[in-house]
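Some notes on the structure that comes next.
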Amino acid sequence: MKLVVAALAALVLASPAAACKQQGSQAYLETRLVCIQCHTTLDESDSTFAVEMKNEIARQIRLCRTNSQIIDSMVAQFGPAVLSTPQTHGFDLIAWVLPIGGILVAAAALAFGARTWSRARESSNSLLLDDRLTAEDERRVDEELARFE
Amino acid sequence: MRVLRVGAVACVLALLGLLVWDLAHQSGPGVAVKVDKGKIVRAPALNLPRLTGHGKLSLASLRGKVVVVNFWQSSCYPCKLEARDVAAASRAWAAKNRNVVFLGVNAQDLTGPARAYVRHYGVTYVNVRDALGSTWPKWGVTGVPETFFVDRRGNVVPPHITGQASRQQIDAGIRRALAS
């Protein structure tokens, strides 16, 4: 009998979150969401509003909401500005594509510059090689030198 | 080399264009500063979703009426201090003069606490939601609460109340807007 009572008490006292199959993570969500008033991630802010947002996350976790459901509810309230990282679709995609594109353009520019520079160097070397005296010039130099002897 | 030079010049010109565009689109100090100097200024547009209920509400749709525009947040202490007075003033003026309406602008707030605030303080006038506070720069709002008075022609008239508004201040502001 005591065992049954204890089991029933445990069931009653067990937090609803414990019954969740899946639920969001407070720590994870605090890094993914930004305090709209202070513009830092929630884990880095203790402002009144950040605390309110943290409480709201905790409340939703208790309701067995998953990370993506909680993020969606925040985006529905504040728009994508509430996310700490830009979305990977729509206009926000530019934020991901632009740096990669920039790196590629910079690499291409470097490769192009290096190629141009090495070609310029090769042609200047070949000019030096072509500067060898012709037979006529050699004859004239020999004549001039002979005068000094 | 010529291509690189052209590319670099294009980049510099693009950045310069961006700077000029940004400077041209800055909203300036907002109407609050001008109103505080005693000027009468055209009210910036407000077209925001309702905090409770569906659809949007535009300030332009209230043209012809004196509008008391009150910016607030549910977590703001002075907002809580003035909330009952503002709500009482709205009810009193609604009974006295149908050409006076109140409009609450809830900014940078969670919808749950904001709706609870409205219920708790007996706010019966319309409230709209500015999730990111995007209207603040044009109005010149620097904190909450702040209260503005818009006359029947859509102009913001002095006074502009920063901080907790008293019933007397609200009544005086409405009378000034009605006389404008």
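Following the order of the structure tokens, chains are lettered A, B, ..., residues in each are numbered from 1, and ligands are numbered from 1.
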Set out as JSON lines a contact list for chain A and chain B with a cut-off of 9 Å, giving each residue of chain A that qualifies its closest atom pair and distance in Å to one decimal, counting only C-alpha atoms, ordered by chain and rising residue number.
```
{"residue": "A:Ile36", "atom": "CA", "partner": "B:Gln108", "partner_atom": "CA", "distance": 6.4}
{"residue": "A:Gln37", "atom": "CA", "partner": "B:Gln108", "partner_atom": "CA", "distance": 6.5}
{"residue": "A:Thr48", "atom": "CA", "partner": "B:Ser75", "partner_atom": "CA", "distance": 7.2}
{"residue": "A:Phe49", "atom": "CA", "partner": "B:Ser75", "partner_atom": "CA", "distance": 7.1}
{"residue": "A:Glu52", "atom": "CA", "partner": "B:Leu110", "partner_atom": "CA", "distance": 8.0}
{"residue": "A:Met53", "atom": "CA", "partner": "B:Leu110", "partner_atom": "CA", "distance": 7.5}
{"residue": "A:Glu56", "atom": "CA", "partner": "B:Leu110", "partner_atom": "CA", "distance": 8.5}
{"residue": "A:Met74", "atom": "CA", "partner": "B:Leu110", "partner_atom": "CA", "distance": 8.7}
{"residue": "A:Gln77", "atom": "CA", "partner": "B:Ala131", "partner_atom": "CA", "distance": 6.8}
{"residue": "A:Phe78", "atom": "CA", "partner": "B:Ala131", "partner_atom": "CA", "distance": 5.3}
{"residue": "A:Gly79", "atom": "CA", "partner": "B:Ala131", "partner_atom": "CA", "distance": 8.1}
{"residue": "A:Ala81", "atom": "CA", "partner": "B:Leu132", "partner_atom": "CA", "distance": 8.2}
{"residue": "A:Ala109", "atom": "CA", "partner": "B:Leu4", "partner_atom": "CA", "distance": 7.3}
{"residue": "A:Phe112", "atom": "CA", "partner": "B:Met1", "partner_atom": "CA", "distance": 8.5}
{"residue": "A:Gly113", "atom": "CA", "partner": "B:Met1", "partner_atom": "CA", "distance": 7.1}
{"residue": "A:Thr116", "atom": "CA", "partner": "B:Met1", "partner_atom": "CA", "distance": 7.4}
```
Output file for the residues above (N, CA and C atoms, as a tab-separated table (two decimals), in the first residue's frame):
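Result went into again33.tsv, see below:
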```
chain	number	residue	atom	x	y	z
A	36	ILE	N	15.91	41.71	-27.74
A	36	ILE	CA	15.54	42.75	-28.70
A	36	ILE	C	15.92	44.15	-28.21
A	37	GLN	N	15.93	44.33	-26.90
A	37	GLN	CA	16.25	45.66	-26.37
A	37	GLN	C	17.75	45.92	-26.26
A	48	THR	N	16.32	43.41	-17.80
A	48	THR	CA	14.95	43.02	-17.42
A	48	THR	C	14.27	42.29	-18.56
A	49	PHE	N	14.44	42.83	-19.76
A	49	PHE	CA	13.74	42.22	-20.89
A	49	PHE	C	14.33	40.86	-21.25
A	52	GLU	N	12.92	38.44	-18.99
A	52	GLU	CA	11.54	38.12	-19.39
A	52	GLU	C	11.53	37.11	-20.53
A	53	MET	N	12.44	37.31	-21.48
A	53	MET	CA	12.51	36.37	-22.61
A	53	MET	C	12.94	34.99	-22.13
A	56	GLU	N	10.06	33.35	-20.56
A	56	GLU	CA	9.11	32.89	-21.58
A	56	GLU	C	9.61	31.57	-22.20
A	74	MET	N	9.10	32.85	-31.21
A	74	MET	CA	9.81	34.13	-31.02
A	74	MET	C	9.91	34.89	-32.35
A	77	GLN	N	6.79	36.59	-33.12
A	77	GLN	CA	6.56	37.81	-32.35
A	77	GLN	C	7.45	38.97	-32.79
A	78	PHE	N	8.73	38.66	-33.08
A	78	PHE	CA	9.69	39.73	-33.33
A	78	PHE	C	10.29	39.73	-34.74
A	79	GLY	N	10.01	38.70	-35.50
A	79	GLY	CA	10.63	38.62	-36.82
A	79	GLY	C	12.02	38.01	-36.71
A	81	ALA	N	14.82	39.22	-36.70
A	81	ALA	CA	15.81	40.00	-35.93
A	81	ALA	C	16.08	39.39	-34.56
A	109	ALA	N	41.13	37.04	-57.35
A	109	ALA	CA	41.92	38.25	-57.59
A	109	ALA	C	43.39	38.00	-57.29
A	112	PHE	N	44.81	35.83	-60.04
A	112	PHE	CA	44.97	36.63	-61.25
A	112	PHE	C	46.19	37.54	-61.13
A	113	GLY	N	46.30	38.18	-59.95
A	113	GLY	CA	47.43	39.08	-59.71
A	113	GLY	C	48.76	38.35	-59.76
A	116	THR	N	49.57	37.45	-63.34
A	116	THR	CA	50.00	38.63	-64.10
A	116	THR	C	51.43	39.01	-63.72
```
### Message
Please identify the strand (DSSP E or B) residues within chain A (assignment by DSSP from backbone atoms) and present them as a list in words.
### Response
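Of chain A, the ones in strand (DSSP E or B) are Leu33, Val34, Thr41 and Leu83 of chain A.
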Serialized selection, all heavy atoms, as a compact mmCIF listing (two decimals), in the first residue's frame:
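Full text of part-v9.txt as output:
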```txt
# COMPACT_ATOMS: atom_id res chain seq x y z
N LEU A 33 18.87 33.01 -29.48
CA LEU A 33 17.96 34.16 -29.50
C LEU A 33 18.60 35.41 -28.91
O LEU A 33 19.44 35.33 -28.00
CB LEU A 33 16.68 33.81 -28.73
CG LEU A 33 15.86 32.67 -29.34
CD1 LEU A 33 14.81 32.17 -28.37
CD2 LEU A 33 15.19 33.10 -30.64
N VAL A 34 18.18 36.54 -29.43
CA VAL A 34 18.77 37.83 -29.06
C VAL A 34 17.76 38.65 -28.26
O VAL A 34 16.58 38.63 -28.56
CB VAL A 34 19.15 38.59 -30.36
CG1 VAL A 34 19.53 40.03 -30.07
CG2 VAL A 34 20.27 37.88 -31.09
N THR A 41 23.02 38.21 -27.29
CA THR A 41 22.32 36.94 -27.09
C THR A 41 21.83 36.87 -25.64
O THR A 41 22.41 37.49 -24.75
CB THR A 41 23.23 35.74 -27.40
OG1 THR A 41 24.44 35.90 -26.67
CG2 THR A 41 23.52 35.62 -28.89
N LEU A 83 16.79 36.34 -34.03
CA LEU A 83 17.74 35.23 -34.16
C LEU A 83 19.17 35.75 -34.07
O LEU A 83 19.50 36.80 -34.63
CB LEU A 83 17.54 34.51 -35.50
CG LEU A 83 16.17 33.87 -35.71
CD1 LEU A 83 16.02 33.37 -37.13
CD2 LEU A 83 15.96 32.72 -34.73
```
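Note that the spacing between CA of Leu19 (chain B) and CA of Leu98 (chain A) amounts to 19.1 Å.
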10 Å contact set for region 116-122 of chain B, only C-alpha atoms, chain neighbours under 4 positions out, as a compact mmCIF listing (two decimals) with N, CA, C and O atoms, in the first residue's frame:
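Below is the file that was written, selection_38.txt:
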```
# COMPACT_ATOMS: atom_id res chain seq x y z
N LEU B 51 -2.46 44.96 -30.82
CA LEU B 51 -1.93 44.07 -29.78
C LEU B 51 -2.93 42.96 -29.47
O LEU B 51 -2.57 41.80 -29.29
N THR B 52 -4.18 43.34 -29.40
CA THR B 52 -5.24 42.35 -29.20
C THR B 52 -6.16 42.43 -30.41
O THR B 52 -6.44 43.52 -30.90
N GLN B 73 5.93 49.83 -22.37
CA GLN B 73 6.39 48.42 -22.31
C GLN B 73 5.86 47.81 -21.01
O GLN B 73 5.77 48.52 -20.00
N SER B 74 5.59 46.53 -21.05
CA SER B 74 5.00 45.90 -19.86
C SER B 74 6.00 45.79 -18.70
O SER B 74 5.60 45.70 -17.56
N SER B 75 7.30 45.79 -19.03
CA SER B 75 8.30 45.64 -17.96
C SER B 75 8.75 46.98 -17.38
O SER B 75 9.58 47.02 -16.48
N CYS B 79 5.73 53.06 -16.55
CA CYS B 79 4.54 52.77 -17.37
C CYS B 79 3.43 52.22 -16.47
O CYS B 79 2.26 52.60 -16.60
N LYS B 80 3.84 51.35 -15.56
CA LYS B 80 2.86 50.76 -14.64
C LYS B 80 2.26 51.83 -13.73
O LYS B 80 1.09 51.80 -13.42
N LEU B 81 3.14 52.78 -13.33
CA LEU B 81 2.67 53.83 -12.43
C LEU B 81 1.62 54.73 -13.10
O LEU B 81 0.70 55.21 -12.45
N GLU B 82 1.79 54.96 -14.40
CA GLU B 82 0.86 55.87 -15.08
C GLU B 82 -0.34 55.14 -15.70
O GLU B 82 -1.32 55.78 -16.08
N ALA B 83 -0.23 53.80 -15.81
CA ALA B 83 -1.22 53.03 -16.59
C ALA B 83 -2.66 53.30 -16.17
O ALA B 83 -3.53 53.53 -17.04
N ARG B 84 -2.92 53.28 -14.89
CA ARG B 84 -4.32 53.45 -14.44
C ARG B 84 -4.81 54.87 -14.74
O ARG B 84 -5.98 55.06 -15.11
N ASP B 85 -3.92 55.86 -14.57
CA ASP B 85 -4.31 57.25 -14.86
C ASP B 85 -4.62 57.43 -16.35
O ASP B 85 -5.58 58.09 -16.71
N VAL B 86 -3.76 56.84 -17.19
CA VAL B 86 -3.96 56.97 -18.64
C VAL B 86 -5.28 56.27 -19.03
O VAL B 86 -6.08 56.82 -19.80
N ALA B 87 -5.51 55.09 -18.45
CA ALA B 87 -6.74 54.35 -18.76
C ALA B 87 -7.97 55.14 -18.28
O ALA B 87 -8.97 55.24 -19.01
N ALA B 88 -7.86 55.74 -17.10
CA ALA B 88 -8.99 56.52 -16.56
C ALA B 88 -9.23 57.75 -17.43
O ALA B 88 -10.39 58.09 -17.72
N GLY B 104 -2.31 53.31 -27.67
CA GLY B 104 -1.11 52.80 -27.01
C GLY B 104 -0.20 52.14 -28.03
O GLY B 104 -0.66 51.44 -28.92
N THR B 111 4.39 39.48 -26.35
CA THR B 111 2.94 39.68 -26.47
C THR B 111 2.19 39.22 -25.22
O THR B 111 1.24 39.87 -24.80
N GLY B 112 2.65 38.11 -24.61
CA GLY B 112 1.96 37.58 -23.42
C GLY B 112 1.92 38.60 -22.28
O GLY B 112 0.83 39.00 -21.85
N VAL B 126 -7.38 51.31 -27.81
CA VAL B 126 -6.67 50.46 -28.77
C VAL B 126 -5.15 50.53 -28.54
O VAL B 126 -4.61 51.60 -28.31
N ASN B 127 -4.53 49.38 -28.60
CA ASN B 127 -3.07 49.31 -28.51
C ASN B 127 -2.53 48.60 -29.74
O ASN B 127 -3.11 47.62 -30.20
```
### Message
Please determine, counting only C-alpha atoms, which residue among A:Arg32, A:Gln60, A:Ser118, A:Ala106 has the shortest atom-to-atom distance to Pro86 (chain A).
### Response
A:Arg32
### Task
Could you tell me, as an MDAnalysis selection string, which residues of chain B DSSP assigns to helix (DSSP H, G or I) when given the backbone?
chainID B and resid 2:24 31:36 59:62 77:96 111:120 136:139 167:179
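For the pair CA of Val82 (chain A) and CA of Cys35 (chain A), the separation is 7.0 Å.
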### Query
What is the distance between CA of Pro29 (chain B) and CA of Pro137 (chain B), in Å to one decimal?
7.2 Å
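Ranking B:Val9, B:Val105, B:Leu178, B:Ala94 by their shortest atom-to-atom distance to Asp151 (chain B), with only C-alpha atoms included, puts B:Leu178 first.
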